[in-house]
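Have a look at run_13.csv below; it lists CSV, C-alpha atoms.
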```
chain,number,residue,atom,x,y,z
B,30,MET,CA,0.0,0.0,0.0
B,31,ASP,CA,1.3,3.4,-0.9
B,32,THR,CA,1.5,6.0,1.8
B,33,ASP,CA,1.4,9.8,1.4
B,34,ALA,CA,4.4,11.2,3.1
B,35,SER,CA,2.7,14.6,3.5
B,36,HIS,CA,0.2,13.0,5.9
B,37,GLU,CA,2.7,11.2,8.1
B,38,PRO,CA,1.6,11.4,11.8
B,39,PHE,CA,3.3,13.9,14.1
B,40,ASP,CA,4.7,13.0,17.5
B,41,HIS,CA,5.7,14.9,20.5
B,42,LEU,CA,9.3,15.4,19.2
B,43,ASP,CA,7.8,17.7,16.5
B,44,LEU,CA,6.7,20.1,19.3
B,45,ASP,CA,8.9,23.2,20.0
B,46,GLY,CA,8.7,26.5,21.7
B,47,HIS,CA,7.5,28.4,18.6
B,48,LEU,CA,4.4,26.2,18.4
B,49,LEU,CA,3.7,26.8,22.1
B,50,GLN,CA,4.1,30.5,21.6
B,51,LEU,CA,1.8,30.3,18.6
B,52,LEU,CA,-0.9,28.5,20.6
B,53,LEU,CA,-0.9,31.3,23.3
B,54,ALA,CA,-0.8,34.1,20.7
B,55,VAL,CA,-3.9,32.8,18.9
B,56,LEU,CA,-5.7,32.1,22.1
B,57,GLU,CA,-5.0,35.5,23.7
B,58,GLU,CA,-5.7,37.5,20.5
B,59,GLY,CA,-8.7,35.5,19.5
B,60,SER,CA,-7.7,36.0,15.8
B,61,ILE,CA,-5.2,34.4,13.4
B,62,THR,CA,-4.7,37.8,11.8
B,63,ARG,CA,-3.8,39.5,15.1
B,64,ALA,CA,-1.7,36.6,16.2
B,65,ALA,CA,0.3,36.9,13.0
B,66,GLN,CA,0.8,40.6,13.6
B,67,ARG,CA,1.9,39.9,17.2
B,68,LEU,CA,4.4,37.3,16.1
B,69,GLY,CA,5.6,39.2,13.1
B,70,VAL,CA,4.7,36.4,10.6
B,71,THR,CA,2.2,36.0,7.8
B,72,GLN,CA,-1.3,34.7,8.3
B,73,SER,CA,-0.6,31.7,6.1
B,74,ALA,CA,2.4,30.8,8.4
B,75,VAL,CA,0.2,30.9,11.4
B,76,SER,CA,-2.4,28.7,9.7
B,77,HIS,CA,0.2,26.2,8.6
B,78,LEU,CA,1.8,26.0,12.1
B,79,LEU,CA,-1.6,25.7,13.7
B,80,ASP,CA,-2.4,22.8,11.5
B,81,LYS,CA,0.8,21.2,12.5
B,82,LEU,CA,0.0,21.7,16.2
B,83,ARG,CA,-3.5,20.2,15.7
B,84,GLY,CA,-1.9,17.2,14.2
B,85,ILE,CA,0.4,16.8,17.2
B,86,VAL,CA,-2.2,17.1,19.9
B,87,GLY,CA,-5.1,15.5,18.0
B,88,ASP,CA,-7.6,18.4,18.6
B,89,PRO,CA,-9.0,21.2,16.4
B,90,LEU,CA,-7.9,23.7,19.1
B,91,PHE,CA,-10.0,26.6,17.7
B,92,VAL,CA,-13.4,26.6,16.1
B,93,LYS,CA,-15.4,29.3,14.3
B,94,SER,CA,-17.8,31.4,16.3
B,95,GLY,CA,-19.6,34.1,14.4
B,96,ARG,CA,-16.9,36.1,12.6
B,97,GLY,CA,-14.2,35.0,15.0
B,98,ILE,CA,-12.7,31.9,16.6
B,99,VAL,CA,-12.9,30.4,20.1
B,100,PRO,CA,-10.6,27.9,21.8
B,101,THR,CA,-11.7,24.4,22.6
B,102,ALA,CA,-11.7,23.1,26.1
B,103,HIS,CA,-8.6,21.1,25.2
B,104,ALA,CA,-6.8,24.3,23.9
B,105,GLN,CA,-7.6,26.1,27.2
B,106,ALA,CA,-6.0,23.2,29.2
B,107,LEU,CA,-3.0,23.0,26.9
B,108,ALA,CA,-2.4,26.8,27.2
B,109,ALA,CA,-1.9,26.5,30.9
B,110,ARG,CA,0.7,23.8,30.4
B,111,ALA,CA,2.3,25.7,27.5
B,112,ARG,CA,3.0,28.6,29.8
B,113,VAL,CA,4.8,26.4,32.3
B,114,LEU,CA,6.8,24.7,29.5
B,115,LEU,CA,7.8,28.1,28.0
B,116,ASP,CA,8.9,29.2,31.5
B,117,ASP,CA,11.0,26.1,31.9
B,118,MET,CA,12.5,26.6,28.4
B,119,ARG,CA,13.5,30.2,29.3
B,120,SER,CA,15.1,29.0,32.5
B,121,PHE,CA,16.9,26.3,30.7
B,122,SER,CA,18.3,28.7,28.1
B,123,HIS,CA,19.5,31.1,30.8
B,124,ALA,CA,21.1,28.4,33.0
B,125,ALA,CA,24.6,29.3,31.8
B,126,GLY,CA,24.2,32.9,32.7
B,127,PHE,CA,22.2,35.8,31.4
B,128,ASP,CA,23.6,38.0,28.6
B,129,ALA,CA,21.4,41.0,27.7
B,130,ALA,CA,23.1,41.5,24.4
B,131,ARG,CA,21.9,38.1,23.3
B,132,LEU,CA,18.3,38.6,24.5
B,133,GLU,CA,15.7,38.1,21.8
B,134,ALA,CA,12.3,38.7,23.3
B,135,THR,CA,9.1,40.7,23.2
B,136,VAL,CA,7.9,41.6,26.7
B,137,THR,CA,4.4,42.7,27.4
B,138,ILE,CA,3.9,45.3,30.2
B,139,ALA,CA,0.5,46.4,31.4
B,140,ALA,CA,0.2,50.1,32.3
B,141,ASN,CA,-2.3,52.9,32.1
B,142,ASP,CA,-1.5,56.1,30.4
B,143,LEU,CA,0.2,57.9,33.4
B,144,GLN,CA,2.8,55.3,34.0
B,145,ARG,CA,3.1,54.4,30.4
B,146,ASP,CA,4.1,57.9,29.3
B,147,LEU,CA,6.1,58.6,32.4
B,148,LEU,CA,8.3,55.4,32.5
B,149,LEU,CA,8.1,53.2,29.5
B,150,PRO,CA,9.7,55.3,26.7
B,151,THR,CA,12.8,55.7,28.9
B,152,LEU,CA,12.8,52.1,29.9
B,153,LEU,CA,12.7,51.0,26.2
B,154,ARG,CA,15.6,53.3,25.3
B,155,CYS,CA,17.7,52.0,28.2
B,156,VAL,CA,16.9,48.4,27.7
B,157,ARG,CA,17.5,48.4,23.9
B,158,ALA,CA,20.9,50.1,24.4
B,159,GLN,CA,22.0,46.9,26.2
B,160,ALA,CA,19.6,44.4,24.5
B,161,PRO,CA,19.0,45.3,20.8
B,162,GLY,CA,16.8,42.2,20.4
B,163,PHE,CA,14.3,43.5,23.0
B,164,ALA,CA,10.9,44.7,22.0
B,165,LEU,CA,8.1,46.1,24.2
B,166,ARG,CA,4.4,45.5,23.9
B,167,VAL,CA,2.2,47.8,26.1
B,168,ILE,CA,-1.4,46.9,27.0
B,169,ALA,CA,-3.8,48.9,29.2
B,170,SER,CA,-3.9,47.6,32.7
B,171,GLY,CA,-7.2,49.2,33.7
B,172,ALA,CA,-7.9,47.9,37.1
B,173,PRO,CA,-5.5,44.9,36.9
B,174,SER,CA,-6.5,41.4,37.8
B,175,VAL,CA,-4.4,38.4,38.9
B,176,GLU,CA,-5.4,36.6,35.7
B,177,MET,CA,-3.4,39.1,33.6
B,178,LEU,CA,-0.2,37.7,35.2
B,179,ARG,CA,-1.3,34.1,35.9
B,180,ASP,CA,-2.4,33.6,32.3
B,181,GLU,CA,0.6,35.6,31.1
B,182,HIS,CA,-1.3,38.2,29.2
B,183,CYS,CA,1.6,40.3,30.4
B,184,GLN,CA,4.9,39.7,32.2
B,185,LEU,CA,4.8,42.9,34.3
B,186,VAL,CA,2.2,45.3,35.6
B,187,ILE,CA,2.8,48.9,36.7
B,188,THR,CA,-0.1,50.1,38.8
B,189,PRO,CA,-1.1,51.9,41.9
B,190,ARG,CA,-3.5,49.1,42.7
B,191,PRO,CA,-1.7,45.7,42.7
B,192,PRO,CA,-4.0,42.7,42.3
B,193,GLU,CA,-4.1,40.4,45.3
B,194,GLY,CA,-2.8,36.8,45.3
B,195,SER,CA,-0.4,34.7,47.2
B,196,ASP,CA,1.5,34.1,43.9
B,197,ILE,CA,1.7,37.8,43.0
B,198,LEU,CA,4.8,39.8,44.0
B,199,GLN,CA,5.1,43.6,44.1
B,200,LYS,CA,7.6,46.3,44.8
B,201,ARG,CA,6.9,50.0,45.2
B,202,LEU,CA,8.6,52.3,42.7
B,203,PHE,CA,7.5,55.8,43.9
B,204,GLU,CA,4.7,57.7,45.5
B,205,ASP,CA,2.8,60.7,44.1
B,206,HIS,CA,0.3,63.1,45.6
B,207,TYR,CA,-3.0,64.4,44.3
B,208,ARG,CA,-3.7,67.9,43.0
B,209,VAL,CA,-6.7,69.7,41.7
B,210,PHE,CA,-6.4,70.4,37.9
B,211,TYR,CA,-8.3,73.2,36.3
B,212,ASP,CA,-8.4,75.7,33.4
B,213,ALA,CA,-7.1,79.0,34.8
B,214,ALA,CA,-8.6,80.9,31.9
B,215,ARG,CA,-12.0,79.9,33.1
B,216,ARG,CA,-11.9,79.7,36.9
B,217,GLU,CA,-10.1,80.2,40.1
B,218,PRO,CA,-8.8,77.2,42.1
B,219,PRO,CA,-11.2,76.0,44.8
B,220,ARG,CA,-9.9,77.7,47.9
B,221,ASP,CA,-11.8,75.7,50.5
B,222,LEU,CA,-13.8,72.5,50.8
B,223,GLU,CA,-17.1,74.3,50.1
B,224,ALA,CA,-15.9,75.6,46.8
B,225,TYR,CA,-14.4,72.2,46.0
B,226,LEU,CA,-17.7,70.4,46.6
B,227,ALA,CA,-19.7,73.0,44.7
B,228,ALA,CA,-17.6,72.5,41.5
B,229,ASP,CA,-18.3,70.2,38.6
B,230,HIS,CA,-15.8,67.3,38.6
B,231,VAL,CA,-14.2,65.1,35.9
B,232,THR,CA,-12.7,61.8,36.7
B,233,VAL,CA,-11.4,58.4,35.4
B,234,LEU,CA,-13.5,55.2,35.5
B,235,TYR,CA,-11.5,52.3,34.1
B,236,GLU,CA,-14.3,49.8,34.4
B,237,ARG,CA,-17.8,49.8,35.6
B,238,ARG,CA,-17.7,50.4,39.4
B,239,ARG,CA,-13.9,50.5,39.4
B,240,ARG,CA,-13.0,54.1,40.3
B,241,ILE,CA,-9.5,55.4,40.8
B,242,ASP,CA,-8.3,55.2,44.4
B,243,ILE,CA,-8.9,58.8,45.4
B,244,ASP,CA,-12.5,58.6,44.3
B,245,GLU,CA,-12.9,55.4,46.3
B,246,VAL,CA,-11.4,57.0,49.4
B,247,LEU,CA,-13.4,60.2,49.3
B,248,ALA,CA,-16.6,58.2,48.7
B,249,GLU,CA,-15.9,56.0,51.7
B,250,ARG,CA,-15.5,59.2,53.8
B,251,GLY,CA,-18.9,60.5,52.7
B,252,VAL,CA,-17.5,63.2,50.5
B,253,ARG,CA,-20.1,63.8,47.7
B,254,ARG,CA,-19.0,65.4,44.5
B,255,ARG,CA,-20.9,66.1,41.3
B,256,PHE,CA,-19.2,64.2,38.4
B,257,VAL,CA,-20.2,65.7,35.0
B,258,ALA,CA,-17.8,63.4,33.0
B,259,GLN,CA,-16.1,60.1,33.5
B,260,VAL,CA,-13.5,58.9,31.0
B,261,PRO,CA,-11.7,55.6,30.6
B,262,GLY,CA,-8.2,57.1,31.0
B,263,PHE,CA,-6.2,60.1,32.1
B,264,ALA,CA,-5.7,61.2,28.5
B,265,GLY,CA,-9.4,61.9,28.2
B,266,VAL,CA,-9.6,64.3,31.0
B,267,GLY,CA,-8.0,67.4,29.4
B,268,PRO,CA,-10.6,68.0,26.7
B,269,PHE,CA,-13.3,68.1,29.3
B,270,LEU,CA,-11.4,70.6,31.5
B,271,ARG,CA,-10.2,72.9,28.8
B,272,GLY,CA,-12.7,75.8,28.4
B,273,SER,CA,-14.8,74.7,31.3
B,274,THR,CA,-15.1,75.5,35.0
B,275,ALA,CA,-14.9,71.8,35.9
B,276,ILE,CA,-12.0,70.5,38.0
B,277,ALA,CA,-10.3,67.1,38.4
B,278,THR,CA,-8.5,65.5,41.3
B,279,LEU,CA,-5.6,63.6,39.9
B,280,PRO,CA,-1.9,62.6,40.4
B,281,SER,CA,0.4,65.6,40.2
B,282,LEU,CA,2.7,63.9,37.7
B,283,LEU,CA,0.0,64.2,35.0
B,284,ARG,CA,1.0,67.8,34.5
B,285,ALA,CA,4.3,66.7,32.9
B,286,HIS,CA,2.6,65.0,30.0
B,287,LEU,CA,-1.1,64.3,29.6
B,288,LEU,CA,-2.3,67.4,31.4
B,289,ARG,CA,0.5,69.8,30.5
B,290,GLY,CA,-0.8,73.4,30.4
B,291,PHE,CA,-3.4,73.1,33.1
B,292,ASP,CA,-3.0,74.8,36.5
B,293,THR,CA,-3.1,72.9,39.7
B,294,ALA,CA,-3.9,73.6,43.3
B,295,PRO,CA,-3.8,71.7,46.6
B,296,VAL,CA,-6.8,69.5,47.3
B,297,PRO,CA,-8.7,71.2,50.1
B,298,ILE,CA,-9.2,68.0,52.0
B,299,ASP,CA,-6.8,65.4,53.4
B,300,CYS,CA,-5.9,62.9,50.7
B,301,PRO,CA,-3.8,59.7,50.8
B,302,ALA,CA,-0.7,59.5,48.6
B,303,MET,CA,-0.8,57.5,45.4
B,304,PRO,CA,1.8,54.7,45.4
B,305,MET,CA,3.1,53.1,42.2
B,306,PHE,CA,4.1,49.4,42.1
B,307,MET,CA,5.6,47.0,39.7
B,308,VAL,CA,3.9,43.7,40.0
B,309,TRP,CA,4.8,40.2,38.6
B,310,HIS,CA,4.1,36.5,39.0
B,311,LEU,CA,6.0,34.2,41.3
B,312,ARG,CA,7.0,31.9,38.5
B,313,GLN,CA,9.1,34.7,36.9
B,314,HIS,CA,10.7,35.9,40.1
B,315,ALA,CA,14.0,34.0,39.7
B,316,ASP,CA,14.1,34.2,35.9
B,317,PRO,CA,17.4,36.0,35.1
B,318,ALA,CA,15.9,38.0,32.2
B,319,HIS,CA,12.9,39.1,34.2
B,320,ARG,CA,15.1,40.1,37.2
B,321,TRP,CA,17.3,42.1,34.9
B,322,LEU,CA,14.2,43.9,33.4
B,323,ARG,CA,12.8,44.7,36.8
B,324,GLN,CA,16.2,46.2,37.8
B,325,GLN,CA,16.2,48.3,34.6
B,326,LEU,CA,12.8,49.6,35.5
B,327,GLU,CA,13.9,50.5,39.0
B,328,ASP,CA,16.9,52.3,37.6
B,329,ILE,CA,15.0,54.6,35.3
B,330,VAL,CA,12.4,55.8,37.9
B,331,ALA,CA,14.6,58.6,39.3
B,332,PRO,CA,15.7,60.1,35.9
B,333,SER,CA,12.1,59.8,34.5
B,334,LEU,CA,10.7,61.7,37.5
B,335,ALA,CA,13.5,64.3,37.1
B,336,ALA,CA,12.7,64.7,33.4
B,337,ALA,CA,9.0,65.1,34.3
B,338,ALA,CA,9.9,67.9,36.8
B,339,GLU,CA,11.5,69.9,34.0
B,340,HIS,CA,8.1,70.3,32.3
B,341,MET,CA,6.3,71.3,35.5
B,342,PRO,CA,6.3,74.8,36.9
B,343,VAL,CA,6.0,73.3,40.4
B,344,ALA,CA,8.1,70.2,41.2
B,345,PRO,CA,5.9,67.1,41.6
B,346,ASP,CA,5.3,66.0,45.1
B,347,VAL,CA,6.8,62.5,44.8
B,348,ALA,CA,8.7,60.2,47.0
B,349,PHE,CA,11.1,57.5,45.9
B,350,ALA,CA,10.9,53.9,47.1
B,351,GLN,CA,14.6,52.9,46.9
B,352,ASN,CA,15.4,49.6,48.5
B,353,SER,CA,11.8,48.8,49.4
B,354,SER,CA,11.4,45.1,49.8
B,355,VAL,CA,9.5,42.7,47.6
B,356,SER,CA,6.3,41.4,49.0
B,357,THR,CA,3.2,39.5,48.0
B,358,SER,CA,0.1,41.5,47.3
B,359,VAL,CA,-1.9,40.1,50.1
```

Let's see the structure in the file written out as C-alpha cells.
Amino acid sequence: MDTDASHEPFDHLDLDGHLLQLLLAVLEEGSITRAAQRLGVTQSAVSHLLDKLRGIVGDPLFVKSGRGIVPTAHAQALAARARVLLDDMRSFSHAAGFDAARLEATVTIAANDLQRDLLLPTLLRCVRAQAPGFALRVIASGAPSVEMLRDEHCQLVITPRPPEGSDILQKRLFEDHYRVFYDAARREPPRDLEAYLAADHVTVLYERRRRIDIDEVLAERGVRRRFVAQVPGFAGVGPFLRGSTAIATLPSLLRAHLLRGFDTAPVPIDCPAMPMFMVWHLRQHADPAHRWLRQQLEDIVAPSLAAAAEHMPVAPDVAFAQNSSVSTSV
C-alpha cells in the first residue's frame, strides 16, 4: 500500500517553543490575523503551524464562532501547560548565565497612560541600548487582575493598585500626591472644601464600578462630588477641563505629559498618597531576564521623574521607594 508522506503522523518530538508561543498568541488574541501581527509572521504561516499543532495534539484547538474563533476546552487546558513549558525553556536557556546582548524577546507590560508615558519610553531606550533584540508591547492595565499575570497576558504590571494573590509579587517604585487640575482661563482654584464640593468634577473610570483610588477613598469618607464626565483614562480628562469650569483631582505627575498646560492647586481635603508598584508573578521571580528587566525599571524611575519635573512649573510631590522590599500583594 502506498502512503502519502505529507500525511505522516506527528509526534511529541515535533513540538517546539514556537508552536507553544503560537498557541498562546492565537488564544489570547482570538484571531489568526492579530496573532500573525503579534508574532511578526504571515497569516498563512500561522495557519500552517496551527495545522501542525493540531496534528500533534489531535484536537482542532480553535473553532469558528460568528466572525471569530474560540478555543476548545482542550486548547484552554494546553495553554496553561504551554506557559509552564515556556517558562521552563526560558530558565533552561539562561542556565549558563544571562547576557542582555543576546536577549531576543518581546515583553508585554500592562500600564495605564500615566505610568506608560512617564516610564516606558525611557525604559525601552535604556533596555535596547543593552539588548538590541528586546521589543516592548504595552497593553492597558485598567484595574489589573491576577489573571493578567497568571495567564501571562503580560509579564509585568505597573499600577497603583496591585491585584491580590499569594503568587503575585510587588515592589513600590515611587509615590505621588493628588492635585486639583483646572483651566485657569475659566476659573479660580477651589480655595476651600465648600468651593471644591460645589464644583463640577471630571474623573477616570477604568471599568464599571472600578473608580480610581482617590474617588474610592473620598466616597468612603462620605465626600459627595458632582461628576459631570467620567472617561476611561487620564488622556481623556484634558478636553473636558479645557474651556470649562470643571476640576479634576488627579496625580500631580500628569502635569508633565497628559495634562500639561493646566494649572493645579492643593486638594482642600486630606488625601492619601498614590503609590506606584511594579507587579509580577511568582513563577518569573527568579528568571534572570525578568530580574534584569525589573532592575532596569527601578533604575529609570529617578531620571524619569527628574525629566517630568523639568516640564512642570512646580516640582511634583513625589517620594522614591529605593530599597523597598519585595512582598506578596496580600

Exercise. Excluding same-chain residues fewer than 5 positions from Glu223 (chain B), what lies within 12 Å of it counting only C-alpha atoms, as a PyMOL selection string?
Worked result: chain B and resi 218+228+252-254+296-298

Seminar exercise, completed: Nearest to Arg145 (chain B), restricted to all atoms listed in the file and choosing among B:Leu287, B:Ala335, B:Ala275, B:Met118, comes out as B:Leu287

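Distances to Leu52 (chain B) were evaluated for B:Ala104, B:Leu68, B:Leu288, B:Val175 using all atoms listed in the file, and the minimum falls at B:Ala104.
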
Exercise. Restricting the calculation to all atoms listed in the file, which member of B:Glu327, B:Asp43, B:Glu339, B:Glu176 is positioned closest to Leu202 (chain B)?
Worked result: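 Nearest to Leu202 (chain B): B:Glu327.
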
Seminar exercise, completed: With distances taken over all atoms listed in the file, the candidate from B:Gln144, B:Thr278, B:Gln159, B:Thr232 nearest Phe210 (chain B) is B:Thr278

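Considering the residues B:Asn141, B:Tyr235, B:Ala315, B:Ala108 and counting all atoms listed in the file, Leu49 (chain B) has its shortest atom-to-atom contact with B:Ala108.
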
Problem set entry | Minimum-distance residue to Ala139 (chain B), chosen among B:Ala318, B:Leu185, B:Ala258, B:Ile243 (using only C-alpha atoms) |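 Closest candidate: B:Leu185.
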
Exercise. If you measure from CA of Ala102 (chain B) to CA of Gln66 (chain B), what distance in Å do you get, rounded to one decimal?
Worked result: 24.9 Å

For this session: Could you give me, as JSON, numbers by chain, the residues within 12 Å of Pro173 (chain B), counting only C-alpha atoms and dropping anything in the same chain fewer than 4 positions from it?
Result: {"B": [138, 139, 140, 141, 168, 169, 177, 178, 179, 182, 183, 185, 186, 187, 188, 189, 190, 191, 192, 193, 194, 197, 235, 236, 239, 241, 306, 307, 308, 309]}

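Note that CA of Ala158 (chain B) and CA of Pro317 (chain B) are 18.0 Å apart.
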
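The space between CA of Gly290 (chain B) and CA of Arg166 (chain B) spans 29.1 Å.
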
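Point (5.3, 36.0, 40.4) has the following residues at most 6 Å away: Asp196, Ile197, Leu198, Trp309, His310, Leu311, Arg312, Gln313 and His314 of chain B (atoms considered: all atoms listed in the file).
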
For this session: Name all residues at most 10 Å from region 81-83 of chain B (count only C-alpha atoms; drop same-chain ones fewer than 2 positions away) and give them as a ChimeraX atom specification.
Result: /B:38-41,43-45,48-49,51-52,75-79,85-91,104

Can you tell me, as a PDB file with C-alpha atoms, keeping the file's coordinate frame, what residues are no more than 7 Å from Ala285 (chain B) when counting all atoms listed in the file, ignoring any on the same chain fewer than 5 positions away?
```pdb
ATOM      1  CA  ALA B 337       9.000  65.100  34.300  1.00  0.00           C
ATOM      2  CA  ALA B 338       9.900  67.900  36.800  1.00  0.00           C
ATOM      3  CA  HIS B 340       8.100  70.300  32.300  1.00  0.00           C
ATOM      4  CA  MET B 341       6.300  71.300  35.500  1.00  0.00           C
TER       5      MET B 341
END
```
